[in-house]
Amino acid sequence: MKWLALHIDARPDALEPVCDLLREQGIEGLVIEDEQDFQDFLEHNRQYWDYVDEDLRQSMSGKSRVTFYLEDSPEGYAALAAVRIALSALEKARPEIGVPILSMDNVEDADWENNWKAFYKPMEIGERLLVIPEWEEANSDGRVALRLNPGLIFGTGSHATTRLCLQALEKLVRPGMRVLDLGCGSGILSIAALLLGADRAFGCDIDDKAVDVAYENASLNGIGRDRYTVRAGDVLTDSGLKKQIGTGYDIVVANIVADVIIALAPAVRPLMREGGWFLCSGIIDDRAEEVRRRLEEAGFTIEEANSSEGWFSFLCR
């Protein structure tokens, strides 16, 4: 089945009435692109990002658009006709918001959300690991196979920060260890630790969708909830979550961003056993020295620093 990708370009003050119009027509799954919202996010959520690609900034310049999808079928075109009529009525009723412009693209693949899967292939990481997408067949050739379906959650193994962590884990993990994964995303790091020999792992993430994704990925690898626990919440502010996490971890790993690692640094030591390791990554190169300094201020010794593609990881004790 083909799909129609429809775009409505409008002034920023027209976005809300346009979205209301579409929902009244029974159309959901709207994608809203607004330069002001983008700038507001960057300004007020600095702790969640370190680097914004300049191409992305340029692509959002002057952007004020709503995108939605309809089936390329008689029913879809009937819905499109209803949207055109409703837009015309909106223009007459609300002349102050200007004239929204409707345009259309054809989308060949009905499963457009999953198009990215074609570009995600098995990856050898380090000396021992092979990350295999759930939908791919692959011979592990003696490597430790980690099957994964990240869905829409961060963590496929393709990003440099994740690879840095996986390469460190394959050297660190020993049988019987307990591992804590802060910001676990798809669960790739904590699941890898279990496959490499760790006895138990606990993962947590501020995104509650990560819980189901991580558990599903653990199941793909034959790992049950008797060995793996995943929870949603903020370890810095959620006392209930901190109680569930407990203490005495041999390895704490945090593949997040610089500001969150800085905030976590004083809180990580109580979670570790004496002599344990803190592995942190997701640090853009121009923040590396700042993070190093803050880790040392929190009482950590940097045992190893590694970098790849402009990103850093630190291994601390």
# chains A, B, ... in the order shown; residues from 1 in each chain; ligands from 1
>>> residues_around(residues="Glu91 of chain A", least_positions_apart="3", cutoff="12 Å", atoms="only C-alpha atoms", output="PyMOL selection string")
chain A and resi 10+14+17-18+21+84-88+94-101
>>> write_last_selection(atoms="N, CA and C atoms", output="CSV table (one decimal), in the first residue's frame")
chain,number,residue,atom,x,y,z
A,10,ALA,N,2.2,27.0,7.4
A,10,ALA,CA,1.3,28.1,7.9
A,10,ALA,C,2.2,29.0,8.8
A,14,ALA,N,-0.9,30.0,13.3
A,14,ALA,CA,-2.0,29.2,12.7
A,14,ALA,C,-1.8,27.7,13.0
A,17,PRO,N,-4.8,26.2,15.4
A,17,PRO,CA,-6.1,25.9,14.7
A,17,PRO,C,-6.0,24.9,13.6
A,18,VAL,N,-4.9,24.8,12.9
A,18,VAL,CA,-4.7,23.8,11.8
A,18,VAL,C,-4.7,22.4,12.5
A,21,LEU,N,-8.2,21.5,13.5
A,21,LEU,CA,-9.0,21.2,12.3
A,21,LEU,C,-8.7,19.7,11.9
A,84,ARG,N,-9.2,19.8,2.6
A,84,ARG,CA,-9.2,21.0,1.8
A,84,ARG,C,-10.4,21.9,2.1
A,85,ILE,N,-11.6,21.3,2.2
A,85,ILE,CA,-12.8,22.1,2.4
A,85,ILE,C,-12.7,22.8,3.8
A,86,ALA,N,-12.2,22.0,4.8
A,86,ALA,CA,-12.1,22.6,6.1
A,86,ALA,C,-11.1,23.7,6.2
A,87,LEU,N,-10.0,23.6,5.4
A,87,LEU,CA,-8.9,24.6,5.4
A,87,LEU,C,-9.5,25.9,4.8
A,88,SER,N,-10.3,25.7,3.7
A,88,SER,CA,-10.9,26.9,3.1
A,88,SER,C,-11.9,27.6,4.0
A,94,ARG,N,-11.0,32.7,9.9
A,94,ARG,CA,-9.8,33.3,10.7
A,94,ARG,C,-8.8,34.0,9.7
A,95,PRO,N,-9.2,35.1,9.0
A,95,PRO,CA,-8.3,35.7,8.1
A,95,PRO,C,-7.1,36.2,8.7
A,96,GLU,N,-7.1,36.4,10.0
A,96,GLU,CA,-5.9,37.0,10.7
A,96,GLU,C,-4.7,36.0,10.7
A,97,ILE,N,-5.0,34.7,10.5
A,97,ILE,CA,-3.9,33.7,10.6
A,97,ILE,C,-3.3,33.5,9.2
A,98,GLY,N,-3.7,34.2,8.2
A,98,GLY,CA,-3.1,34.0,6.9
A,98,GLY,C,-3.7,32.8,6.1
A,99,VAL,N,-3.0,32.4,5.1
A,99,VAL,CA,-3.5,31.3,4.2
A,99,VAL,C,-2.6,30.1,4.4
A,100,PRO,N,-3.0,29.0,5.0
A,100,PRO,CA,-2.2,27.8,5.1
A,100,PRO,C,-2.1,27.1,3.7
A,101,ILE,N,-0.9,26.6,3.4
A,101,ILE,CA,-0.6,26.0,2.1
A,101,ILE,C,-0.5,24.5,2.2
>>> residues_around(residues="segment 268-281 of chain A", least_positions_apart="5", cutoff="9 Å", atoms="only C-alpha atoms", output="PyMOL selection string")
chain A and resi 161-162+164-165+168-169+172+180+242+245-258+261+298-300+311-317
>>> write_last_selection(atoms="N, CA, C and O atoms", output="CSV table (one decimal), in the first residue's frame")
chain,number,residue,atom,x,y,z
A,161,THR,N,29.4,6.8,21.0
A,161,THR,CA,29.4,6.8,22.4
A,161,THR,C,29.0,5.4,22.9
A,161,THR,O,29.6,4.9,23.9
A,162,THR,N,28.1,4.7,22.2
A,162,THR,CA,27.7,3.4,22.6
A,162,THR,C,28.8,2.4,22.4
A,162,THR,O,29.1,1.5,23.2
A,164,LEU,N,32.0,3.0,22.4
A,164,LEU,CA,33.0,3.2,23.4
A,164,LEU,C,32.7,2.5,24.7
A,164,LEU,O,33.6,1.9,25.3
A,165,CYS,N,31.4,2.5,25.1
A,165,CYS,CA,31.0,1.9,26.3
A,165,CYS,C,31.1,0.3,26.2
A,165,CYS,O,31.5,-0.4,27.1
A,168,ALA,N,34.6,-0.9,26.4
A,168,ALA,CA,35.1,-0.9,27.8
A,168,ALA,C,34.5,-2.0,28.6
A,168,ALA,O,35.2,-2.7,29.4
A,169,LEU,N,33.2,-2.3,28.4
A,169,LEU,CA,32.5,-3.3,29.2
A,169,LEU,C,33.1,-4.7,28.9
A,169,LEU,O,33.2,-5.5,29.8
A,172,LEU,N,36.0,-5.0,31.1
A,172,LEU,CA,35.7,-4.9,32.6
A,172,LEU,C,34.9,-6.0,33.2
A,172,LEU,O,35.2,-6.4,34.3
A,180,LEU,N,25.0,-1.4,37.0
A,180,LEU,CA,23.9,-0.4,37.0
A,180,LEU,C,24.1,0.4,35.7
A,180,LEU,O,25.1,1.0,35.5
A,242,LYS,N,15.8,5.3,43.9
A,242,LYS,CA,17.1,5.1,44.5
A,242,LYS,C,17.0,3.9,45.5
A,242,LYS,O,18.0,3.2,45.5
A,245,ILE,N,17.1,0.8,43.4
A,245,ILE,CA,18.4,0.5,42.8
A,245,ILE,C,19.4,-0.1,43.8
A,245,ILE,O,20.1,-1.0,43.5
A,246,GLY,N,19.4,0.4,45.1
A,246,GLY,CA,20.3,-0.1,46.1
A,246,GLY,C,21.7,0.4,45.9
A,246,GLY,O,22.0,1.4,45.3
A,247,THR,N,22.6,-0.4,46.4
A,247,THR,CA,24.1,-0.1,46.4
A,247,THR,C,24.9,-1.3,46.0
A,247,THR,O,24.4,-2.4,45.8
A,248,GLY,N,26.2,-1.1,46.0
A,248,GLY,CA,27.2,-2.2,45.9
A,248,GLY,C,27.4,-2.6,44.5
A,248,GLY,O,27.9,-3.8,44.2
A,249,TYR,N,27.3,-1.8,43.5
A,249,TYR,CA,27.5,-2.2,42.1
A,249,TYR,C,29.0,-2.2,41.7
A,249,TYR,O,29.7,-1.3,42.1
A,250,ASP,N,29.4,-3.2,41.0
A,250,ASP,CA,30.7,-3.3,40.5
A,250,ASP,C,31.0,-2.3,39.4
A,250,ASP,O,32.1,-1.8,39.3
A,251,ILE,N,30.0,-2.1,38.5
A,251,ILE,CA,30.2,-1.2,37.4
A,251,ILE,C,28.9,-0.3,37.4
A,251,ILE,O,27.8,-0.8,37.4
A,252,VAL,N,29.1,1.0,37.3
A,252,VAL,CA,28.0,1.9,37.0
A,252,VAL,C,28.3,2.5,35.6
A,252,VAL,O,29.4,3.1,35.5
A,253,VAL,N,27.4,2.4,34.7
A,253,VAL,CA,27.6,3.0,33.3
A,253,VAL,C,26.6,4.1,33.1
A,253,VAL,O,25.4,3.9,33.4
A,254,ALA,N,27.0,5.2,32.5
A,254,ALA,CA,26.1,6.3,32.1
A,254,ALA,C,26.5,6.8,30.8
A,254,ALA,O,27.5,7.5,30.7
A,255,ASN,N,25.7,6.4,29.8
A,255,ASN,CA,25.9,7.0,28.4
A,255,ASN,C,24.9,8.0,28.1
A,255,ASN,O,23.8,7.7,27.6
A,256,ILE,N,25.1,9.2,28.6
A,256,ILE,CA,24.0,10.2,28.5
A,256,ILE,C,24.6,11.5,27.8
A,256,ILE,O,25.0,11.4,26.7
A,257,VAL,N,24.7,12.6,28.5
A,257,VAL,CA,25.3,13.8,28.0
A,257,VAL,C,26.1,14.5,29.1
A,257,VAL,O,25.9,14.1,30.3
A,258,ALA,N,26.9,15.4,28.8
A,258,ALA,CA,27.9,16.0,29.7
A,258,ALA,C,27.2,16.6,30.9
A,258,ALA,O,27.6,16.3,32.1
A,261,ILE,N,25.9,13.9,33.3
A,261,ILE,CA,27.0,13.2,33.9
A,261,ILE,C,27.6,14.1,35.1
A,261,ILE,O,27.9,13.6,36.2
A,298,ALA,N,34.5,15.4,42.2
A,298,ALA,CA,33.6,14.5,42.9
A,298,ALA,C,34.3,13.3,43.5
A,298,ALA,O,33.7,12.4,44.1
A,299,GLY,N,35.7,13.3,43.4
A,299,GLY,CA,36.5,12.3,44.0
A,299,GLY,C,36.9,11.1,43.2
A,299,GLY,O,37.5,10.1,43.7
A,300,PHE,N,36.6,11.2,41.9
A,300,PHE,CA,37.0,10.1,41.0
A,300,PHE,C,38.4,10.3,40.4
A,300,PHE,O,38.9,11.4,40.3
A,311,TRP,N,33.6,12.2,20.2
A,311,TRP,CA,33.0,11.9,21.5
A,311,TRP,C,34.0,11.2,22.4
A,311,TRP,O,34.8,10.5,22.0
A,312,PHE,N,33.8,11.5,23.7
A,312,PHE,CA,34.7,11.0,24.8
A,312,PHE,C,34.0,10.0,25.7
A,312,PHE,O,32.8,10.2,26.0
A,313,SER,N,34.7,9.1,26.3
A,313,SER,CA,34.3,8.3,27.4
A,313,SER,C,35.4,8.3,28.5
A,313,SER,O,36.6,8.4,28.2
A,314,PHE,N,35.0,8.3,29.8
A,314,PHE,CA,35.9,8.2,30.9
A,314,PHE,C,35.6,7.0,31.7
A,314,PHE,O,34.5,6.7,32.0
A,315,LEU,N,36.7,6.3,32.1
A,315,LEU,CA,36.6,5.1,33.0
A,315,LEU,C,37.2,5.6,34.3
A,315,LEU,O,38.4,5.9,34.3
A,316,CYS,N,36.4,5.6,35.3
A,316,CYS,CA,36.9,6.1,36.6
A,316,CYS,C,36.7,5.1,37.8
A,316,CYS,O,36.0,4.2,37.7
A,317,ARG,N,37.5,5.4,38.8
A,317,ARG,CA,37.4,4.6,40.1
A,317,ARG,C,37.4,5.6,41.2
A,317,ARG,O,37.9,6.7,41.1
>>> residues_around(residues="segment 199-216 of chain A", least_positions_apart="5", cutoff="10 Å", atoms="only C-alpha atoms", output="JSON, numbers by chain")
{"A": [148, 149, 150, 151, 152, 153, 154, 173, 174, 175, 176, 177, 178, 179, 180, 181, 182, 183, 184, 185, 186, 187, 188, 189, 190, 191, 192, 193, 194, 221, 222, 223, 224, 225, 226, 227, 228, 229, 230, 231, 232, 233, 234, 235, 241, 244, 245, 246, 249, 251, 252, 253]}
>>> residues_around(residues="Val83 of chain A", least_positions_apart="2", cutoff="12 Å", atoms="only C-alpha atoms", output="VMD selection string")
chain A and resid 6 to 8 18 to 27 68 70 76 to 81 85 to 90 100 to 103
>>> closest_atom_pairs(of="segment 164-226 of chain A", to="segment 117-131 of chain A", cutoff="8 Å", atoms="only C-alpha atoms", output="JSON lines")
{"residue": "A:Leu166", "atom": "CA", "partner": "A:Ile125", "partner_atom": "CA", "distance": 7.2}
{"residue": "A:Gln167", "atom": "CA", "partner": "A:Gly126", "partner_atom": "CA", "distance": 5.0}
{"residue": "A:Glu170", "atom": "CA", "partner": "A:Arg128", "partner_atom": "CA", "distance": 7.0}
>>> write_last_selection(atoms="C-alpha atoms", output="tab-separated table (two decimals), in the first residue's frame")
chain	number	residue	atom	x	y	z
A	166	LEU	CA	30.65	-1.63	24.81
A	167	GLN	CA	34.39	-1.82	24.15
A	170	GLU	CA	33.98	-6.30	27.33
>>> select_by_dssp(residues="segment 143-242 of chain A", states="strand (DSSP E or B)", output="PyMOL selection string")
chain A and resi 144-148+178-182+200-205+228-232
>>> write_last_selection(atoms="N, CA and C atoms", output="PDB file, in the first residue's frame")
ATOM      1  N   VAL A 144      30.206 -12.938  20.987  1.00  0.00           N
ATOM      2  CA  VAL A 144      29.017 -12.882  21.832  1.00  0.00           C
ATOM      3  C   VAL A 144      27.945 -12.125  21.066  1.00  0.00           C
ATOM      4  N   ALA A 145      26.859 -12.806  20.718  1.00  0.00           N
ATOM      5  CA  ALA A 145      25.797 -12.207  19.903  1.00  0.00           C
ATOM      6  C   ALA A 145      24.806 -11.472  20.800  1.00  0.00           C
ATOM      7  N   LEU A 146      24.538 -10.219  20.467  1.00  0.00           N
ATOM      8  CA  LEU A 146      23.567  -9.411  21.185  1.00  0.00           C
ATOM      9  C   LEU A 146      22.480  -9.013  20.193  1.00  0.00           C
ATOM     10  N   ARG A 147      21.294  -9.599  20.340  1.00  0.00           N
ATOM     11  CA  ARG A 147      20.189  -9.282  19.429  1.00  0.00           C
ATOM     12  C   ARG A 147      19.415  -8.091  19.968  1.00  0.00           C
ATOM     13  N   LEU A 148      19.010  -7.215  19.049  1.00  0.00           N
ATOM     14  CA  LEU A 148      18.461  -5.934  19.490  1.00  0.00           C
ATOM     15  C   LEU A 148      17.414  -5.419  18.518  1.00  0.00           C
ATOM     16  N   ARG A 178      27.751  -7.135  39.411  1.00  0.00           N
ATOM     17  CA  ARG A 178      26.476  -6.419  39.337  1.00  0.00           C
ATOM     18  C   ARG A 178      26.709  -5.101  38.617  1.00  0.00           C
ATOM     19  N   VAL A 179      25.811  -4.776  37.661  1.00  0.00           N
ATOM     20  CA  VAL A 179      25.994  -3.609  36.800  1.00  0.00           C
ATOM     21  C   VAL A 179      24.760  -2.718  36.885  1.00  0.00           C
ATOM     22  N   LEU A 180      24.993  -1.412  36.991  1.00  0.00           N
ATOM     23  CA  LEU A 180      23.918  -0.422  36.983  1.00  0.00           C
ATOM     24  C   LEU A 180      24.060   0.441  35.729  1.00  0.00           C
ATOM     25  N   ASP A 181      22.978   0.537  34.954  1.00  0.00           N
ATOM     26  CA  ASP A 181      22.959   1.276  33.684  1.00  0.00           C
ATOM     27  C   ASP A 181      22.046   2.485  33.840  1.00  0.00           C
ATOM     28  N   LEU A 182      22.634   3.671  34.003  1.00  0.00           N
ATOM     29  CA  LEU A 182      21.866   4.903  34.186  1.00  0.00           C
ATOM     30  C   LEU A 182      21.610   5.538  32.827  1.00  0.00           C
ATOM     31  N   ARG A 200      23.983  -9.873  37.482  1.00  0.00           N
ATOM     32  CA  ARG A 200      22.737  -9.117  37.531  1.00  0.00           C
ATOM     33  C   ARG A 200      22.963  -7.704  37.001  1.00  0.00           C
ATOM     34  N   ALA A 201      21.866  -7.089  36.504  1.00  0.00           N
ATOM     35  CA  ALA A 201      21.946  -5.708  36.028  1.00  0.00           C
ATOM     36  C   ALA A 201      20.648  -4.988  36.343  1.00  0.00           C
ATOM     37  N   PHE A 202      20.789  -3.695  36.589  1.00  0.00           N
ATOM     38  CA  PHE A 202      19.639  -2.818  36.828  1.00  0.00           C
ATOM     39  C   PHE A 202      19.759  -1.657  35.844  1.00  0.00           C
ATOM     40  N   GLY A 203      18.705  -1.401  35.080  1.00  0.00           N
ATOM     41  CA  GLY A 203      18.692  -0.281  34.147  1.00  0.00           C
ATOM     42  C   GLY A 203      17.599   0.699  34.519  1.00  0.00           C
ATOM     43  N   CYS A 204      17.859   1.990  34.349  1.00  0.00           N
ATOM     44  CA  CYS A 204      16.802   2.977  34.550  1.00  0.00           C
ATOM     45  C   CYS A 204      16.929   4.084  33.511  1.00  0.00           C
ATOM     46  N   ASP A 205      15.818   4.739  33.225  1.00  0.00           N
ATOM     47  CA  ASP A 205      15.779   5.783  32.198  1.00  0.00           C
ATOM     48  C   ASP A 205      14.640   6.731  32.523  1.00  0.00           C
ATOM     49  N   TYR A 228      17.541  -9.269  35.483  1.00  0.00           N
ATOM     50  CA  TYR A 228      17.545  -7.920  34.884  1.00  0.00           C
ATOM     51  C   TYR A 228      16.311  -7.153  35.331  1.00  0.00           C
ATOM     52  N   THR A 229      16.532  -5.972  35.904  1.00  0.00           N
ATOM     53  CA  THR A 229      15.450  -5.104  36.350  1.00  0.00           C
ATOM     54  C   THR A 229      15.568  -3.756  35.643  1.00  0.00           C
ATOM     55  N   VAL A 230      14.448  -3.240  35.139  1.00  0.00           N
ATOM     56  CA  VAL A 230      14.437  -1.942  34.466  1.00  0.00           C
ATOM     57  C   VAL A 230      13.321  -1.098  35.068  1.00  0.00           C
ATOM     58  N   ARG A 231      13.632   0.150  35.378  1.00  0.00           N
ATOM     59  CA  ARG A 231      12.656   1.071  35.946  1.00  0.00           C
ATOM     60  C   ARG A 231      12.773   2.433  35.282  1.00  0.00           C
ATOM     61  N   ALA A 232      11.684   3.196  35.331  1.00  0.00           N
ATOM     62  CA  ALA A 232      11.678   4.565  34.795  1.00  0.00           C
ATOM     63  C   ALA A 232      11.732   5.553  35.944  1.00  0.00           C
TER      64      ALA A 232
END
>>> atom_distance(atom1="atom CA of Val260 of chain A", atom2="atom CA of Arg293 of chain A")
14.4 Å
>>> closest_residue(among="A:Leu4, A:Glu28, A:Leu15, A:Ala160", to="Glu71 of chain A", atoms="only C-alpha atoms")
A:Leu4
